[in-house]
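Engineer: Sharing start-v1.txt below, compact mmCIF, N, CA and C atoms:
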```txt
# COMPACT_ATOMS: atom_id res chain seq x y z
N MET A 1 73.00 62.96 94.56
CA MET A 1 74.21 63.74 94.72
C MET A 1 74.42 64.75 93.60
N ALA A 2 73.56 64.78 92.62
CA ALA A 2 73.73 65.71 91.51
C ALA A 2 73.70 67.17 91.95
N PRO A 3 72.79 67.60 92.84
CA PRO A 3 72.82 69.01 93.25
C PRO A 3 74.13 69.41 93.92
N ASP A 4 74.70 68.51 94.71
CA ASP A 4 75.99 68.81 95.34
C ASP A 4 77.09 69.00 94.30
N THR A 5 77.08 68.15 93.29
CA THR A 5 78.08 68.24 92.24
C THR A 5 77.94 69.54 91.47
N TYR A 6 76.72 69.88 91.08
CA TYR A 6 76.50 71.12 90.33
C TYR A 6 76.90 72.34 91.17
N TYR A 7 76.56 72.32 92.44
CA TYR A 7 76.90 73.45 93.31
C TYR A 7 78.40 73.60 93.46
N PHE A 8 79.10 72.49 93.58
CA PHE A 8 80.55 72.53 93.72
C PHE A 8 81.20 73.05 92.44
N PHE A 9 80.77 72.55 91.28
CA PHE A 9 81.28 73.04 90.01
C PHE A 9 81.01 74.53 89.86
N PHE A 10 79.80 74.95 90.16
CA PHE A 10 79.43 76.36 90.03
C PHE A 10 80.27 77.23 90.96
N SER A 11 80.54 76.76 92.17
CA SER A 11 81.37 77.51 93.11
C SER A 11 82.79 77.67 92.58
N ILE A 12 83.34 76.61 92.04
CA ILE A 12 84.70 76.68 91.49
C ILE A 12 84.76 77.63 90.31
N ILE A 13 83.77 77.56 89.41
CA ILE A 13 83.75 78.43 88.24
C ILE A 13 83.63 79.89 88.65
N LEU A 14 82.81 80.18 89.66
CA LEU A 14 82.68 81.56 90.13
C LEU A 14 84.00 82.09 90.69
N VAL A 15 84.67 81.28 91.49
CA VAL A 15 85.95 81.70 92.06
C VAL A 15 86.98 81.93 90.96
N LEU A 16 87.05 81.02 89.99
CA LEU A 16 88.00 81.20 88.89
C LEU A 16 87.68 82.45 88.07
N GLY A 17 86.41 82.70 87.85
CA GLY A 17 86.01 83.89 87.09
C GLY A 17 86.36 85.18 87.79
N VAL A 18 86.12 85.24 89.08
CA VAL A 18 86.44 86.46 89.84
C VAL A 18 87.94 86.67 89.92
N ILE A 19 88.69 85.61 90.09
CA ILE A 19 90.15 85.73 90.13
C ILE A 19 90.70 86.19 88.78
N LEU A 20 90.14 85.67 87.69
CA LEU A 20 90.56 86.12 86.36
C LEU A 20 90.22 87.60 86.16
N HIS A 21 89.05 88.02 86.62
CA HIS A 21 88.66 89.43 86.50
C HIS A 21 89.61 90.33 87.30
N ILE A 22 89.94 89.93 88.51
CA ILE A 22 90.85 90.72 89.34
C ILE A 22 92.23 90.79 88.68
N ALA A 23 92.72 89.66 88.19
CA ALA A 23 94.03 89.65 87.53
C ALA A 23 94.02 90.54 86.29
N ASN A 24 92.93 90.49 85.53
CA ASN A 24 92.82 91.30 84.33
C ASN A 24 92.81 92.79 84.66
N MET A 25 92.07 93.18 85.69
CA MET A 25 91.98 94.59 86.05
C MET A 25 93.28 95.11 86.67
N VAL A 26 93.94 94.29 87.48
CA VAL A 26 95.21 94.71 88.07
C VAL A 26 96.27 94.83 86.98
N TYR A 27 96.29 93.90 86.04
CA TYR A 27 97.24 93.98 84.93
C TYR A 27 96.96 95.22 84.08
N PHE A 28 95.68 95.53 83.86
CA PHE A 28 95.33 96.72 83.11
C PHE A 28 95.80 97.97 83.84
N ARG A 29 95.65 97.95 85.14
CA ARG A 29 96.06 99.11 85.93
C ARG A 29 97.58 99.31 85.90
N VAL A 30 98.31 98.22 85.91
CA VAL A 30 99.77 98.30 85.94
C VAL A 30 100.35 98.54 84.54
N LYS A 31 99.94 97.75 83.56
CA LYS A 31 100.54 97.79 82.23
C LYS A 31 99.75 98.60 81.21
N GLY A 32 98.48 98.86 81.47
CA GLY A 32 97.67 99.61 80.52
C GLY A 32 97.04 98.77 79.43
N LYS A 33 97.14 97.44 79.54
CA LYS A 33 96.49 96.55 78.59
C LYS A 33 95.93 95.35 79.35
N THR A 34 95.05 94.61 78.70
CA THR A 34 94.38 93.51 79.38
C THR A 34 95.07 92.18 79.08
N ILE A 35 94.89 91.23 79.97
CA ILE A 35 95.38 89.88 79.75
C ILE A 35 94.46 89.17 78.77
N VAL A 36 93.16 89.26 79.03
CA VAL A 36 92.14 88.62 78.21
C VAL A 36 91.25 89.72 77.66
N GLY A 37 91.06 89.73 76.36
CA GLY A 37 90.17 90.72 75.76
C GLY A 37 90.91 91.62 74.80
N ASN A 38 90.17 92.53 74.21
CA ASN A 38 90.74 93.45 73.22
C ASN A 38 91.59 94.51 73.88
N ARG A 39 92.44 95.13 73.06
CA ARG A 39 93.21 96.28 73.51
C ARG A 39 92.43 97.53 73.12
N TYR A 40 92.41 98.49 74.01
CA TYR A 40 91.69 99.73 73.75
C TYR A 40 92.66 100.90 73.80
N ARG A 41 92.54 101.79 72.87
CA ARG A 41 93.40 102.97 72.84
C ARG A 41 92.96 103.97 73.88
N PRO A 42 93.89 104.69 74.47
CA PRO A 42 93.51 105.73 75.43
C PRO A 42 92.62 106.78 74.77
N GLY A 43 91.62 107.21 75.51
CA GLY A 43 90.69 108.21 75.01
C GLY A 43 89.39 107.63 74.50
N THR A 44 89.34 106.30 74.28
CA THR A 44 88.09 105.70 73.83
C THR A 44 87.18 105.44 75.02
N PRO A 45 85.87 105.33 74.79
CA PRO A 45 84.96 105.05 75.90
C PRO A 45 85.24 103.72 76.60
N GLU A 46 85.67 102.72 75.85
CA GLU A 46 85.98 101.42 76.46
C GLU A 46 87.18 101.52 77.38
N HIS A 47 88.18 102.30 76.99
CA HIS A 47 89.36 102.50 77.83
C HIS A 47 88.97 103.21 79.12
N ALA A 48 88.09 104.21 79.02
CA ALA A 48 87.63 104.92 80.23
C ALA A 48 86.85 103.98 81.14
N THR A 49 86.05 103.09 80.56
CA THR A 49 85.30 102.12 81.37
C THR A 49 86.25 101.18 82.09
N LEU A 50 87.27 100.69 81.40
CA LEU A 50 88.24 99.80 82.04
C LEU A 50 89.02 100.53 83.14
N LYS A 51 89.34 101.79 82.91
CA LYS A 51 90.02 102.57 83.97
C LYS A 51 89.12 102.69 85.20
N ARG A 52 87.82 102.88 84.98
CA ARG A 52 86.89 102.98 86.10
C ARG A 52 86.80 101.66 86.84
N TYR A 53 86.77 100.53 86.09
CA TYR A 53 86.68 99.22 86.73
C TYR A 53 87.99 98.79 87.40
N SER A 54 89.08 99.43 87.07
CA SER A 54 90.34 99.09 87.72
C SER A 54 90.70 100.08 88.84
N SER A 55 89.74 100.90 89.24
CA SER A 55 90.00 101.84 90.33
C SER A 55 90.02 101.12 91.67
N ASN A 56 90.52 101.78 92.69
CA ASN A 56 90.60 101.18 94.03
C ASN A 56 89.23 100.76 94.54
N ARG A 57 88.22 101.58 94.29
CA ARG A 57 86.87 101.29 94.79
C ARG A 57 86.33 99.99 94.20
N TYR A 58 86.39 99.85 92.88
CA TYR A 58 85.86 98.66 92.24
C TYR A 58 86.70 97.43 92.58
N LEU A 59 88.01 97.58 92.65
CA LEU A 59 88.83 96.44 93.02
C LEU A 59 88.56 95.99 94.45
N THR A 60 88.29 96.93 95.35
CA THR A 60 87.94 96.57 96.72
C THR A 60 86.63 95.81 96.77
N ILE A 61 85.66 96.26 96.01
CA ILE A 61 84.37 95.56 95.97
C ILE A 61 84.53 94.15 95.41
N VAL A 62 85.30 94.02 94.34
CA VAL A 62 85.51 92.70 93.74
C VAL A 62 86.32 91.80 94.67
N LEU A 63 87.29 92.35 95.37
CA LEU A 63 88.05 91.55 96.34
C LEU A 63 87.18 91.06 97.48
N MET A 64 86.25 91.89 97.94
CA MET A 64 85.32 91.44 98.98
C MET A 64 84.42 90.33 98.46
N LEU A 65 83.96 90.46 97.22
CA LEU A 65 83.16 89.40 96.60
C LEU A 65 83.99 88.13 96.46
N ALA A 66 85.24 88.27 96.07
CA ALA A 66 86.12 87.10 95.94
C ALA A 66 86.31 86.40 97.29
N MET A 67 86.47 87.18 98.36
CA MET A 67 86.62 86.57 99.68
C MET A 67 85.36 85.79 100.07
N LEU A 68 84.19 86.35 99.76
CA LEU A 68 82.94 85.63 100.05
C LEU A 68 82.84 84.34 99.24
N LEU A 69 83.20 84.40 97.98
CA LEU A 69 83.13 83.21 97.14
C LEU A 69 84.14 82.15 97.57
N VAL A 70 85.33 82.56 97.96
CA VAL A 70 86.34 81.60 98.44
C VAL A 70 85.89 80.98 99.76
N ALA A 71 85.29 81.77 100.64
CA ALA A 71 84.75 81.22 101.89
C ALA A 71 83.64 80.22 101.60
N ASN A 72 82.78 80.54 100.65
CA ASN A 72 81.71 79.62 100.26
C ASN A 72 82.29 78.32 99.71
N LEU A 73 83.32 78.43 98.89
CA LEU A 73 83.97 77.23 98.35
C LEU A 73 84.64 76.42 99.45
N ALA A 74 85.26 77.09 100.41
CA ALA A 74 85.89 76.38 101.53
C ALA A 74 84.85 75.64 102.36
N LEU A 75 83.71 76.27 102.59
CA LEU A 75 82.64 75.59 103.33
C LEU A 75 82.10 74.40 102.54
N ASP A 76 82.03 74.54 101.23
CA ASP A 76 81.57 73.43 100.40
C ASP A 76 82.55 72.27 100.44
N VAL A 77 83.85 72.57 100.40
CA VAL A 77 84.87 71.52 100.51
C VAL A 77 84.77 70.85 101.88
N TYR A 78 84.59 71.64 102.93
CA TYR A 78 84.44 71.09 104.28
C TYR A 78 83.23 70.16 104.35
N ARG A 79 82.14 70.59 103.73
CA ARG A 79 80.92 69.77 103.74
C ARG A 79 81.15 68.48 102.96
N LEU A 80 81.85 68.56 101.83
CA LEU A 80 82.13 67.36 101.05
C LEU A 80 83.06 66.40 101.79
N LEU A 81 84.00 66.94 102.54
CA LEU A 81 84.92 66.08 103.29
C LEU A 81 84.21 65.29 104.39
N HIS A 82 83.09 65.81 104.85
CA HIS A 82 82.37 65.15 105.94
C HIS A 82 81.14 64.39 105.46
N LEU A 83 81.10 64.04 104.20
CA LEU A 83 80.02 63.20 103.69
C LEU A 83 80.24 61.76 104.12
N SER A 84 79.17 61.00 104.16
CA SER A 84 79.30 59.59 104.54
C SER A 84 79.92 58.77 103.41
N ASN A 85 79.71 59.17 102.16
CA ASN A 85 80.26 58.47 101.01
C ASN A 85 81.64 59.04 100.69
N ARG A 86 82.69 58.43 101.22
CA ARG A 86 84.05 58.94 101.07
C ARG A 86 84.57 58.83 99.63
N GLU A 87 84.18 57.78 98.93
CA GLU A 87 84.66 57.63 97.56
C GLU A 87 84.13 58.74 96.67
N TYR A 88 82.86 59.08 96.85
CA TYR A 88 82.28 60.18 96.07
C TYR A 88 83.00 61.49 96.40
N ALA A 89 83.25 61.71 97.68
CA ALA A 89 83.89 62.96 98.10
C ALA A 89 85.29 63.07 97.51
N ARG A 90 86.07 62.00 97.58
CA ARG A 90 87.42 62.03 97.02
C ARG A 90 87.38 62.25 95.51
N GLY A 91 86.47 61.56 94.86
CA GLY A 91 86.36 61.69 93.41
C GLY A 91 85.99 63.09 92.97
N ILE A 92 85.00 63.68 93.62
CA ILE A 92 84.55 65.01 93.22
C ILE A 92 85.57 66.07 93.61
N LEU A 93 86.30 65.88 94.70
CA LEU A 93 87.31 66.86 95.11
C LEU A 93 88.52 66.86 94.18
N ILE A 94 88.73 65.79 93.45
CA ILE A 94 89.82 65.76 92.47
C ILE A 94 89.29 66.10 91.08
N TYR A 95 88.17 65.50 90.69
CA TYR A 95 87.65 65.66 89.34
C TYR A 95 87.15 67.08 89.06
N ALA A 96 86.43 67.67 89.99
CA ALA A 96 85.82 68.98 89.74
C ALA A 96 86.84 70.09 89.52
N PRO A 97 87.82 70.28 90.39
CA PRO A 97 88.79 71.36 90.13
C PRO A 97 89.61 71.15 88.86
N VAL A 98 90.01 69.92 88.61
CA VAL A 98 90.81 69.65 87.41
C VAL A 98 89.99 69.92 86.15
N SER A 99 88.75 69.46 86.12
CA SER A 99 87.93 69.68 84.93
C SER A 99 87.57 71.15 84.77
N CYS A 100 87.36 71.88 85.85
CA CYS A 100 87.07 73.32 85.74
C CYS A 100 88.28 74.09 85.22
N VAL A 101 89.47 73.76 85.68
CA VAL A 101 90.67 74.43 85.19
C VAL A 101 90.90 74.11 83.72
N LEU A 102 90.72 72.86 83.33
CA LEU A 102 90.88 72.50 81.92
C LEU A 102 89.85 73.21 81.05
N LEU A 103 88.62 73.30 81.52
CA LEU A 103 87.58 74.01 80.78
C LEU A 103 87.93 75.50 80.67
N ALA A 104 88.44 76.09 81.74
CA ALA A 104 88.83 77.51 81.71
C ALA A 104 89.96 77.74 80.71
N VAL A 105 90.94 76.85 80.68
CA VAL A 105 92.05 76.99 79.73
C VAL A 105 91.54 76.87 78.30
N LEU A 106 90.65 75.92 78.05
CA LEU A 106 90.08 75.78 76.71
C LEU A 106 89.30 77.02 76.29
N VAL A 107 88.52 77.58 77.20
CA VAL A 107 87.75 78.78 76.89
C VAL A 107 88.68 79.96 76.63
N LEU A 108 89.72 80.13 77.44
CA LEU A 108 90.65 81.23 77.23
C LEU A 108 91.42 81.10 75.92
N VAL A 109 91.85 79.90 75.57
CA VAL A 109 92.54 79.68 74.30
C VAL A 109 91.60 79.95 73.14
N SER A 110 90.38 79.48 73.25
CA SER A 110 89.40 79.71 72.19
C SER A 110 89.09 81.20 72.04
N ALA A 111 88.93 81.89 73.15
CA ALA A 111 88.65 83.33 73.10
C ALA A 111 89.83 84.09 72.53
N TYR A 112 91.05 83.69 72.87
CA TYR A 112 92.22 84.37 72.33
C TYR A 112 92.34 84.15 70.83
N LYS A 113 92.07 82.91 70.39
CA LYS A 113 92.15 82.64 68.95
C LYS A 113 91.11 83.44 68.19
N LYS A 114 89.95 83.63 68.78
CA LYS A 114 88.89 84.34 68.09
C LYS A 114 89.03 85.86 68.20
N TYR A 115 89.36 86.36 69.39
CA TYR A 115 89.37 87.80 69.63
C TYR A 115 90.75 88.39 69.87
N GLY A 116 91.78 87.58 69.97
CA GLY A 116 93.11 88.08 70.30
C GLY A 116 93.70 88.96 69.21
N ASN A 117 94.58 89.86 69.60
CA ASN A 117 95.27 90.77 68.69
C ASN A 117 94.30 91.61 67.85
N ASN A 118 93.18 91.98 68.44
CA ASN A 118 92.20 92.85 67.77
C ASN A 118 91.75 92.29 66.41
N ARG A 119 91.45 91.04 66.34
CA ARG A 119 91.09 90.42 65.07
C ARG A 119 89.74 90.91 64.55
N LEU A 120 88.85 91.30 65.44
CA LEU A 120 87.54 91.75 64.97
C LEU A 120 87.61 93.12 64.31
N SER A 121 88.49 93.95 64.75
CA SER A 121 88.55 95.30 64.21
C SER A 121 89.48 95.42 63.00
N GLY A 122 90.17 94.38 62.65
CA GLY A 122 91.04 94.41 61.48
C GLY A 122 92.44 94.92 61.76
N ARG A 123 92.70 95.43 62.97
CA ARG A 123 94.03 95.93 63.32
C ARG A 123 94.86 94.79 63.87
N ARG A 124 96.11 94.78 63.56
CA ARG A 124 97.02 93.77 64.09
C ARG A 124 98.03 94.43 65.00
N GLY A 125 98.52 93.61 65.97
CA GLY A 125 99.64 94.09 66.74
C GLY A 125 99.32 94.55 68.04
```
Write out the structure in this file as structure tokens.

Structural biologist:
Amino acid sequence: MAPDTYYFFFSIILVLGVILHIANMVYFRVKGKTIVGNRYRPGTPEHATLKRYSSNRYLTIVLMLAMLLVANLALDVYRLLHLSNREYARGILIYAPVSCVLLAVLVLVSAYKKYGNNRLSGRRG
């Protein structure tokens, strides 16, 4: 059952990553700053790159990718629900999403502590 477990974890992580990317780009488009990551001043190459990635075209492509990944995850959940070993299915359907969300929160907190508020560039605020 190890390949099923790894595939399910990987599917959840991909969906969470794409959703975080979409939220970050939409927030950048609306507010002009990112949820996760450094702040970039207007006129810099990084700011222009983020503007390009938050355009309608790129957001449409990422949304289509997100729909494919969510459909893949739904099919994986359906497949797990119809396994002969019900205890394994119940356990993995509860343990995997909870542990992936906790891991994502830990990674985001760690990244914010390390890179938040432009700590690498010496600027604060």

Engineer: Do a neighbour search on Leu59 of chain A at 10 Å with only C-alpha atoms, toss out local chain neighbours closer than 4 positions, and write the hits as number ranges by chain.

Structural biologist: A: 21-22, 25-26, 52-55, 63-65

Engineer: Residues near Val70 of chain A, anyone? I mean within 8 Å using only N, CA and C atoms, not counting same-chain ones fewer than 6 positions away, as a PyMOL selection string.

Structural biologist: chain A and resi 11+14-15+64+76

Engineer: When you draw a straight line from atom CA of Arg86 of chain A to atom CA of Ala71 of chain A, how long is it in Å?

Structural biologist: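 Interatomic distance, atom CA of Arg86 of chain A to atom CA of Ala71 of chain A: 22.3 Å.
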
Engineer: Between atom CA of Pro3 of chain A and atom C of Leu106 of chain A, what is the distance, to one decimal in Å?

Structural biologist: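 These two atoms are separated by 25.0 Å.
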
Engineer: In terms of the shortest atom-to-atom distance over all atoms listed in the file, which of A:Ile94, A:Lys114, A:Asn72, A:Val109 is closest to Ile12 of chain A?

Structural biologist: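 Looking at the shortest contact to Ile12 of chain A, the residue is A:Asn72.
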
Engineer: Using all atoms listed in the file, which residue out of A:Ile61, A:Val107, A:Ala66, A:Leu73 lies closest to Ile19 of chain A?

Structural biologist: A:Ala66

Engineer: Report as number ranges by chain: the residues of segment 27-75 of chain A with a DSSP assignment of helix (DSSP H, G or I), based on the backbone of this structure.

Structural biologist: A: 27-31, 45-53, 56-75
